[in-house]
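Encoded as structure tokens, the structure appears first; notes follow it.
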Amino acid sequence: MTDPLRTRTATAGTGPIDTTPTGTGSAGTGSGDAGPSGTAPGASTPLSPTGRRIWARSRGLLAAAVALLLFGIGYAALAPAERHGRLDPRSTERTGSRAVAQLLADRGVTVRTVTTTAEAAALAGPGSTLLVTAPDLLVPSQQDTLRRAGARGGTTVLVAPTRFSLEGLAPGVEETGRIRVEPLAPGCSYAPARRAGNADMGGTTYRSRTGDALGCYRGDDPADPTLLRLAPGDGGAATVVVGTDHFLHNQRLADRGNASLALQLLGEHPRLVWYLPSPDDEAAVPEEGRKTFFELVPDGWVFGAVQLGVAAVLAALWRGRRLGPVVTEPLPVTVRAAETTEGRARLYRRANARDRAAESLRRAARARLAPLVGVAPASAHDPAVLVPAVTARTGSALPGTDLPGSTQPGGPQPGSTSPGSTSPGSAPHGSTGTTGPGAPVRTALFGPAPRDDAALVRLADELDALERQVREQ
């Protein structure tokens, strides 16, 4: 059975019992056993993740991951196995040159694709044609290496070189301007151009300072051709400069005389060295010019990065000290008000805290009586204000008691204290007093702590009777 003292003591706390879920079950009772609706040891807590919570939080990320995976699979399935750049003999794209390389191979020309200057220089020479697809990407040291290799014999074809590479690869040739790429007539006696006829030429125009060169495919100015063949030097080495690469593209090869011109220029010798300059070529950066990443980063950037790091640390410390927003979580159990009441009462009883229990009863009674007798809540715990108001409503004697103001028959009066003793419920304005008008009311509401459980029960009965009398008046 429920102890009425414990129930009244707990319910008379500082406020009404909260019947919302608290998650404590009957653990607050001090018995260590879970109540009927409590949480058993080892059971999940409100912070324990559940399958539904994990799915709700992660389904967005899972959807994004699945979409990314499907996109990757589709891209890998539909994309070509190999992707190459412009003028690459392995590329089947519109600006690639696989068609030219295939036609040359069908005519017995061996096509070797290289990406380093060392490979190109080793394969160039007599019996070979060296095609340089991007001369302007070469540094002076690379240009000098290729010029010496081409001087051994064979033919060197330079595609759209400008003043940055002409001095190193074709001395004596200068850039004079640019014209639109369009079908142009050869207009020269150079055999490959005459046999090819009209072709998609244009781009950069050139002029030979020495005058011993054949110029073809001129624009409006007949003095500036877009194809220039220099006279062979010692060993029969020849150099051909063309102002555009359009006639080598897959998409234009079947137009006009583009295929004929490409096959004659590149198929003059049984071996074609197709050089695609690459930034990964070690020859592009001399050994003495190589620097590490940190050597290339200016000092100002390093100082700025350090400042940003310090600012990030300070911001983290500043934000880390602040409390985050209040988080509400669904609790796993619902605790009945009676269980909470009994739990608090058991704690009081186990600690023998009759003084705190009595004060809790008295404070609750004073808080309920104050509005009934017209006392402001701020003065509810002031005996000089509350006691006269209650006495005026009820009189001096307490109802339901044998002796006015008595709490322990045969024992000391509740209003009296032993010498030197104090009580937590004593009035702040002098002694509680046991005589005079309102003494029983003062003793009940502001008296000392009971000495035993029986006195505490009688105090609870007196407070109930006093409150009932005030309500009935």
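Every chain in the structure tokens takes a letter, A first, then B, and so on in the order presented; its residues are numbered from 1, and the ligands are numbered from 1 following the presented order.
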*Looking only at helix (DSSP H, G or I) from DSSP on the backbone, list the matching residues of segment 264-416 of chain A as number ranges by chain.*
A: 264-266, 282-284, 287-289, 293-296, 299-320, 337-350, 354-372, 377-379, 383-394
*List every residue of segment 44-229 of chain A that DSSP, applied to the backbone of this structure, assigns to strand (DSSP E or B), and report them as a VMD selection string.*
chain A and resid 110 to 114 128 to 132 155 to 159 173 to 184 199 to 208 213 to 218 225 to 229
Just-selected residues, N, CA and C atoms written as a CSV table (one decimal), in the first residue's frame:
chain,number,residue,atom,x,y,z
A,110,THR,N,54.8,3.7,-91.8
A,110,THR,CA,54.7,3.4,-90.4
A,110,THR,C,54.6,4.6,-89.5
A,111,VAL,N,53.5,4.7,-88.8
A,111,VAL,CA,53.2,5.9,-87.9
A,111,VAL,C,53.6,5.6,-86.5
A,112,ARG,N,54.5,6.4,-86.0
A,112,ARG,CA,55.0,6.2,-84.6
A,112,ARG,C,54.5,7.5,-83.8
A,113,THR,N,53.7,7.3,-82.8
A,113,THR,CA,53.2,8.4,-82.0
A,113,THR,C,54.2,8.6,-80.8
A,114,VAL,N,54.7,9.7,-80.6
A,114,VAL,CA,55.6,10.0,-79.4
A,114,VAL,C,55.2,11.3,-78.7
A,128,SER,N,62.6,9.5,-92.8
A,128,SER,CA,61.4,9.7,-91.9
A,128,SER,C,60.9,11.1,-92.0
A,129,THR,N,59.6,11.3,-91.7
A,129,THR,CA,59.0,12.6,-91.6
A,129,THR,C,58.6,12.9,-90.2
A,130,LEU,N,59.0,14.0,-89.7
A,130,LEU,CA,58.8,14.4,-88.3
A,130,LEU,C,57.6,15.4,-88.3
A,131,LEU,N,56.5,15.1,-87.8
A,131,LEU,CA,55.4,16.0,-87.7
A,131,LEU,C,55.3,16.6,-86.3
A,132,VAL,N,55.4,17.9,-86.1
A,132,VAL,CA,55.3,18.6,-84.8
A,132,VAL,C,54.0,19.3,-84.8
A,155,THR,N,62.2,14.9,-93.6
A,155,THR,CA,61.4,16.1,-93.7
A,155,THR,C,60.7,16.4,-92.3
A,156,THR,N,60.7,17.7,-92.0
A,156,THR,CA,60.1,18.2,-90.7
A,156,THR,C,58.9,19.0,-91.1
A,157,VAL,N,57.7,18.7,-90.6
A,157,VAL,CA,56.4,19.4,-90.9
A,157,VAL,C,56.0,20.1,-89.6
A,158,LEU,N,55.9,21.4,-89.6
A,158,LEU,CA,55.5,22.2,-88.5
A,158,LEU,C,54.1,22.7,-88.7
A,159,VAL,N,53.2,22.5,-87.7
A,159,VAL,CA,51.8,22.8,-87.9
A,159,VAL,C,51.6,24.1,-87.1
A,173,VAL,N,62.3,32.1,-91.4
A,173,VAL,CA,60.9,32.2,-91.6
A,173,VAL,C,60.3,33.1,-90.6
A,174,GLU,N,59.4,34.0,-91.0
A,174,GLU,CA,58.8,34.9,-90.1
A,174,GLU,C,57.3,34.9,-90.3
A,175,GLU,N,56.6,35.2,-89.2
A,175,GLU,CA,55.1,35.2,-89.2
A,175,GLU,C,54.7,36.6,-89.7
A,176,THR,N,53.7,36.6,-90.6
A,176,THR,CA,53.3,37.9,-91.2
A,176,THR,C,51.8,38.3,-90.8
A,177,GLY,N,51.0,37.3,-90.4
A,177,GLY,CA,49.6,37.7,-90.1
A,177,GLY,C,48.8,36.4,-90.1
A,178,ARG,N,47.4,36.7,-90.1
A,178,ARG,CA,46.5,35.6,-90.1
A,178,ARG,C,45.4,35.9,-91.1
A,179,ILE,N,44.9,34.8,-91.7
A,179,ILE,CA,43.7,34.9,-92.6
A,179,ILE,C,42.7,33.8,-92.2
A,180,ARG,N,41.5,33.9,-92.8
A,180,ARG,CA,40.5,33.0,-92.5
A,180,ARG,C,40.8,31.6,-93.1
A,181,VAL,N,40.4,30.5,-92.5
A,181,VAL,CA,40.5,29.2,-93.0
A,181,VAL,C,39.4,29.0,-94.0
A,182,GLU,N,39.7,28.7,-95.2
A,182,GLU,CA,38.7,28.5,-96.3
A,182,GLU,C,39.3,27.8,-97.4
A,183,PRO,N,38.5,27.3,-98.4
A,183,PRO,CA,39.1,26.6,-99.6
A,183,PRO,C,40.0,27.6,-100.4
A,184,LEU,N,41.2,27.2,-100.6
A,184,LEU,CA,42.2,28.0,-101.3
A,184,LEU,C,42.8,27.2,-102.4
A,199,ALA,N,42.2,23.1,-101.2
A,199,ALA,CA,42.2,22.5,-99.8
A,199,ALA,C,41.8,23.6,-98.8
A,200,ASP,N,41.4,23.1,-97.6
A,200,ASP,CA,41.0,24.0,-96.5
A,200,ASP,C,42.3,24.5,-95.9
A,201,MET,N,42.7,25.7,-96.3
A,201,MET,CA,44.0,26.3,-95.8
A,201,MET,C,43.7,27.7,-95.3
A,202,GLY,N,44.7,28.3,-94.7
A,202,GLY,CA,44.6,29.6,-94.2
A,202,GLY,C,45.3,29.6,-92.8
A,203,GLY,N,44.8,30.4,-91.9
A,203,GLY,CA,45.4,30.5,-90.6
A,203,GLY,C,46.5,31.5,-90.6
A,204,THR,N,47.7,31.0,-90.1
A,204,THR,CA,48.9,31.9,-90.1
A,204,THR,C,49.6,32.0,-91.4
A,205,THR,N,50.0,33.2,-91.8
A,205,THR,CA,50.8,33.4,-93.0
A,205,THR,C,52.2,33.6,-92.7
A,206,TYR,N,53.1,33.2,-93.7
A,206,TYR,CA,54.5,33.3,-93.5
A,206,TYR,C,55.3,33.9,-94.6
A,207,ARG,N,56.5,34.3,-94.4
A,207,ARG,CA,57.4,34.8,-95.4
A,207,ARG,C,58.8,34.4,-95.1
A,208,SER,N,59.5,34.0,-96.2
A,208,SER,CA,60.9,33.6,-96.0
A,208,SER,C,61.8,34.8,-96.3
A,213,ALA,N,62.3,29.6,-101.0
A,213,ALA,CA,61.2,28.8,-100.5
A,213,ALA,C,60.0,28.8,-101.4
A,214,LEU,N,59.2,27.7,-101.4
A,214,LEU,CA,58.0,27.7,-102.2
A,214,LEU,C,56.8,28.0,-101.4
A,215,GLY,N,56.0,29.0,-101.8
A,215,GLY,CA,54.8,29.3,-101.0
A,215,GLY,C,53.6,29.0,-101.7
A,216,CYS,N,52.6,28.4,-101.0
A,216,CYS,CA,51.3,28.0,-101.6
A,216,CYS,C,50.2,28.4,-100.8
A,217,TYR,N,49.0,28.4,-101.4
A,217,TYR,CA,47.7,28.7,-100.7
A,217,TYR,C,47.8,30.1,-100.1
A,218,ARG,N,47.8,31.0,-101.0
A,218,ARG,CA,47.9,32.4,-100.5
A,218,ARG,C,46.5,33.0,-100.4
A,225,PRO,N,52.0,33.4,-98.2
A,225,PRO,CA,51.4,32.0,-98.3
A,225,PRO,C,51.1,31.4,-96.9
A,226,THR,N,50.2,30.4,-96.9
A,226,THR,CA,50.0,29.7,-95.6
A,226,THR,C,50.6,28.3,-95.6
A,227,LEU,N,51.3,28.0,-96.7
A,227,LEU,CA,52.1,26.8,-96.8
A,227,LEU,C,53.4,27.2,-97.4
A,228,LEU,N,54.5,26.9,-96.6
A,228,LEU,CA,55.8,27.3,-97.1
A,228,LEU,C,56.8,26.1,-96.9
A,229,ARG,N,57.4,25.8,-98.1
A,229,ARG,CA,58.4,24.7,-98.1
A,229,ARG,C,59.8,25.3,-98.3
Taking only residues of segment 258-375 of chain A that have an atom at most 12 Å from an atom of segment 242-246 of chain A, what is each one's shortest atom pair and its distance in Å to one decimal, using only C-alpha atoms, in chain and number order, as a tab-separated table?
residue	atom	partner	partner_atom	distance
A:Asn258	CA	A:His246	CA	8.5
A:Ala259	CA	A:His246	CA	10.8
A:Leu261	CA	A:Val242	CA	11.2
A:Ala262	CA	A:Asp245	CA	9.8
A:Leu265	CA	A:Val242	CA	10.2
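Of note, atom CA of Ala238 of chain A and atom CA of His269 of chain A are spaced 11.8 Å apart.
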*Interatomic distance between atom CA of Leu276 of chain A and atom CA of Thr115 of chain A?*
4.9 Å
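Among the candidates A:Val390, A:Val241, A:Val326, A:Leu230, the one nearest to Pro135 of chain A when counting only C-alpha atoms is A:Val241.
Across the model, the gap from atom CA of Leu361 of chain A to atom CA of Asp464 of chain A is 9.8 Å.
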_What's around Leu369 of chain A at 12 Å? Count only C-alpha atoms, leave out sequence neighbours fewer than 4 positions away in its own chain, and write the answer as a PyMOL selection string._
chain A and resi 362-365+373-377+379-381+385-387+389-391+393-394+441+445+463-471
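For the residues A:Asp281, A:Ala151, A:Leu248, A:Asp136, ranking by smallest atom-to-atom distance to Phe164 of chain A using only C-alpha atoms places A:Asp136 first.
Nearest residue to Thr117 of chain A, choosing from A:Ser58, A:Ser165, A:Ser278, A:Asn250 and counting only C-alpha atoms: A:Ser278.
Among the candidates A:Ala454, A:Gly257, A:Leu272, A:Arg366, the residue lying nearest to Gly125 of chain A is A:Leu272 (atoms considered: only C-alpha atoms).
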*asked:* For a quick check of understanding, using only C-alpha atoms, which of A:Ser360, A:Ser91, A:Thr145, A:Gln102 has the smallest distance to Tyr348 of chain A?
replied: A:Ser360
